[in-house]
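**Q** Here it is: the structure, laid out below.
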Amino acid sequence: MSVRFYWISFLVVMGLTLIISWVKQTRTRKEFLMILLKVTLGFIGTGLALWGLSNLLVALGISKSGFIF
């Protein structure tokens with residue numbers, strides 16, 4: 001994977017974290033870090049769900065290998 005993918009992922013996670021923190025009016029560092037953790041886990045979960053879906057579609061013969069990744 002290219003370094004560009006990691007930078008884009010980092011910017012998306014930080015952007016979402018900052019927007020959610022601003023909307024929720026977080027005041028402490030602990031609240032900010034909890035939002036950061038939740039956004040990161042959601043991002044990872046979404047990626048894993050897409051990976052699992054692509055493997056399922058390949059196993060069922062609906063798509064070819066390398067459909068998503």
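The chains in the structure tokens are called A, B, ... from first to last as shown; in each chain the residues are counted from 1, and the ligands are counted from 1 in the order shown.
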Find the spatial neighbours of region 34-38 of chain A, counting only C-alpha atoms, within a cut-off of 9 Å - ignore same-chain residues fewer than 3 positions away - and output them as a CSV table (one decimal) with N, CA and C atoms, in the first residue's frame.
**A**
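File out.csv, as written:
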```csv
chain,number,residue,atom,x,y,z
A,13,VAL,N,-9.8,10.3,9.6
A,13,VAL,CA,-10.1,10.0,11.0
A,13,VAL,C,-10.0,11.3,11.8
A,14,MET,N,-9.0,12.1,11.6
A,14,MET,CA,-8.8,13.3,12.4
A,14,MET,C,-9.9,14.3,12.0
A,16,LEU,N,-13.0,13.7,11.0
A,16,LEU,CA,-14.3,13.2,11.6
A,16,LEU,C,-14.2,13.5,13.2
A,17,THR,N,-13.0,13.2,13.7
A,17,THR,CA,-12.9,13.4,15.2
A,17,THR,C,-13.1,14.8,15.6
A,18,LEU,N,-12.4,15.7,14.8
A,18,LEU,CA,-12.6,17.1,15.1
A,18,LEU,C,-14.0,17.6,15.0
A,20,ILE,N,-16.8,15.8,15.1
A,20,ILE,CA,-17.7,15.3,16.2
A,20,ILE,C,-17.4,16.0,17.5
A,21,SER,N,-16.1,16.2,17.8
A,21,SER,CA,-15.7,16.9,19.1
A,21,SER,C,-16.3,18.3,19.1
A,29,ARG,N,-9.4,16.1,27.4
A,29,ARG,CA,-8.6,15.3,26.5
A,29,ARG,C,-9.1,13.9,26.5
A,30,LYS,N,-9.6,13.4,27.6
A,30,LYS,CA,-10.2,12.0,27.7
A,30,LYS,C,-11.4,11.9,26.7
A,31,GLU,N,-12.3,12.9,26.7
A,31,GLU,CA,-13.4,12.8,25.8
A,31,GLU,C,-13.0,12.8,24.4
A,41,LEU,N,-12.0,2.8,15.4
A,41,LEU,CA,-12.6,1.5,15.4
A,41,LEU,C,-13.7,1.4,14.3
A,42,GLY,N,-14.5,2.4,14.1
A,42,GLY,CA,-15.5,2.4,13.1
A,42,GLY,C,-14.9,2.3,11.7
A,43,PHE,N,-13.8,3.1,11.5
A,43,PHE,CA,-13.1,3.1,10.2
A,43,PHE,C,-12.5,1.7,9.9
```
**Q** Identify, with DSSP run on backbone atoms, the residues in region 14-67 of chain A assigned to helix (DSSP H, G or I), and express the list as a ChimeraX atom specification.
**A** /A:14-24,29-59
**Q** Could you write out the selected residues, including N, CA and C atoms, as a compact mmCIF listing (two decimals), in the first residue's frame?
**A**
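The resulting file, selection25.txt, is reproduced below:
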```
# COMPACT_ATOMS: atom_id res chain seq x y z
N MET A 14 -8.96 12.08 11.58
CA MET A 14 -8.80 13.30 12.37
C MET A 14 -9.90 14.32 12.04
N GLY A 15 -10.27 14.42 10.78
CA GLY A 15 -11.34 15.34 10.41
C GLY A 15 -12.66 14.97 11.06
N LEU A 16 -13.02 13.69 11.00
CA LEU A 16 -14.25 13.25 11.65
C LEU A 16 -14.20 13.46 13.15
N THR A 17 -13.04 13.18 13.75
CA THR A 17 -12.89 13.36 15.19
C THR A 17 -13.05 14.82 15.59
N LEU A 18 -12.45 15.71 14.83
CA LEU A 18 -12.56 17.13 15.15
C LEU A 18 -13.99 17.64 14.96
N ILE A 19 -14.66 17.19 13.92
CA ILE A 19 -16.04 17.62 13.68
C ILE A 19 -16.95 17.12 14.79
N ILE A 20 -16.82 15.84 15.15
CA ILE A 20 -17.67 15.28 16.21
C ILE A 20 -17.36 15.96 17.54
N SER A 21 -16.09 16.21 17.82
CA SER A 21 -15.72 16.89 19.06
C SER A 21 -16.29 18.30 19.12
N TRP A 22 -16.29 18.98 18.00
CA TRP A 22 -16.82 20.34 17.97
C TRP A 22 -18.33 20.33 18.17
N VAL A 23 -19.03 19.38 17.53
CA VAL A 23 -20.48 19.30 17.66
C VAL A 23 -20.88 18.94 19.09
N LYS A 24 -20.15 17.99 19.69
CA LYS A 24 -20.49 17.55 21.04
C LYS A 24 -19.94 18.48 22.12
N ARG A 29 -9.42 16.15 27.43
CA ARG A 29 -8.61 15.33 26.54
C ARG A 29 -9.14 13.90 26.48
N LYS A 30 -9.65 13.41 27.62
CA LYS A 30 -10.17 12.05 27.67
C LYS A 30 -11.37 11.89 26.74
N GLU A 31 -12.27 12.86 26.72
CA GLU A 31 -13.42 12.80 25.82
C GLU A 31 -12.98 12.80 24.36
N PHE A 32 -11.98 13.64 24.04
CA PHE A 32 -11.46 13.72 22.68
C PHE A 32 -10.84 12.38 22.27
N LEU A 33 -10.06 11.78 23.15
CA LEU A 33 -9.42 10.50 22.83
C LEU A 33 -10.44 9.37 22.68
N MET A 34 -11.52 9.42 23.46
CA MET A 34 -12.57 8.41 23.31
C MET A 34 -13.26 8.53 21.95
N ILE A 35 -13.51 9.76 21.51
CA ILE A 35 -14.10 9.97 20.19
C ILE A 35 -13.13 9.50 19.11
N LEU A 36 -11.85 9.80 19.27
CA LEU A 36 -10.83 9.35 18.32
C LEU A 36 -10.80 7.83 18.24
N LEU A 37 -10.88 7.16 19.37
CA LEU A 37 -10.89 5.70 19.40
C LEU A 37 -12.12 5.14 18.69
N LYS A 38 -13.27 5.72 18.96
CA LYS A 38 -14.50 5.23 18.33
C LYS A 38 -14.48 5.44 16.82
N VAL A 39 -13.99 6.58 16.37
CA VAL A 39 -13.90 6.84 14.93
C VAL A 39 -12.92 5.87 14.28
N THR A 40 -11.78 5.64 14.92
CA THR A 40 -10.79 4.72 14.38
C THR A 40 -11.34 3.30 14.30
N LEU A 41 -11.99 2.85 15.37
CA LEU A 41 -12.58 1.50 15.35
C LEU A 41 -13.68 1.38 14.31
N GLY A 42 -14.46 2.43 14.13
CA GLY A 42 -15.49 2.42 13.09
C GLY A 42 -14.88 2.35 11.70
N PHE A 43 -13.80 3.07 11.49
CA PHE A 43 -13.10 3.06 10.20
C PHE A 43 -12.53 1.67 9.92
N ILE A 44 -11.92 1.06 10.93
CA ILE A 44 -11.37 -0.29 10.78
C ILE A 44 -12.49 -1.30 10.55
N GLY A 45 -13.57 -1.17 11.31
CA GLY A 45 -14.71 -2.07 11.16
C GLY A 45 -15.33 -2.00 9.77
N THR A 46 -15.44 -0.82 9.23
CA THR A 46 -15.98 -0.65 7.89
C THR A 46 -15.06 -1.31 6.85
N GLY A 47 -13.77 -1.13 7.01
CA GLY A 47 -12.82 -1.77 6.10
C GLY A 47 -12.89 -3.28 6.17
N LEU A 48 -12.98 -3.82 7.38
CA LEU A 48 -13.08 -5.26 7.53
C LEU A 48 -14.40 -5.80 6.98
N ALA A 49 -15.47 -5.04 7.14
CA ALA A 49 -16.77 -5.46 6.59
C ALA A 49 -16.71 -5.50 5.06
N LEU A 50 -16.08 -4.52 4.44
CA LEU A 50 -15.93 -4.52 2.98
C LEU A 50 -15.07 -5.68 2.52
N TRP A 51 -14.01 -5.96 3.24
CA TRP A 51 -13.13 -7.07 2.91
C TRP A 51 -13.88 -8.40 3.02
N GLY A 52 -14.65 -8.57 4.10
CA GLY A 52 -15.44 -9.78 4.27
C GLY A 52 -16.49 -9.94 3.20
N LEU A 53 -17.16 -8.84 2.84
CA LEU A 53 -18.17 -8.89 1.79
C LEU A 53 -17.55 -9.29 0.46
N SER A 54 -16.38 -8.74 0.15
CA SER A 54 -15.74 -9.09 -1.12
C SER A 54 -15.34 -10.56 -1.13
N ASN A 55 -14.85 -11.09 0.00
CA ASN A 55 -14.51 -12.51 0.07
C ASN A 55 -15.75 -13.38 -0.06
N LEU A 56 -16.85 -12.97 0.53
CA LEU A 56 -18.09 -13.72 0.41
C LEU A 56 -18.58 -13.75 -1.03
N LEU A 57 -18.52 -12.63 -1.71
CA LEU A 57 -18.95 -12.57 -3.10
C LEU A 57 -18.07 -13.44 -4.00
N VAL A 58 -16.77 -13.50 -3.69
CA VAL A 58 -15.87 -14.37 -4.45
C VAL A 58 -16.21 -15.83 -4.17
N ALA A 59 -16.45 -16.18 -2.90
CA ALA A 59 -16.78 -17.56 -2.53
C ALA A 59 -18.09 -18.02 -3.16
```
**Q** For CA of Phe10 (chain A) and CA of Thr28 (chain A), quote the distance in Å rounded to one decimal.
**A**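 Taking CA of Phe10 (chain A) and CA of Thr28 (chain A), their separation equals 21.6 Å.
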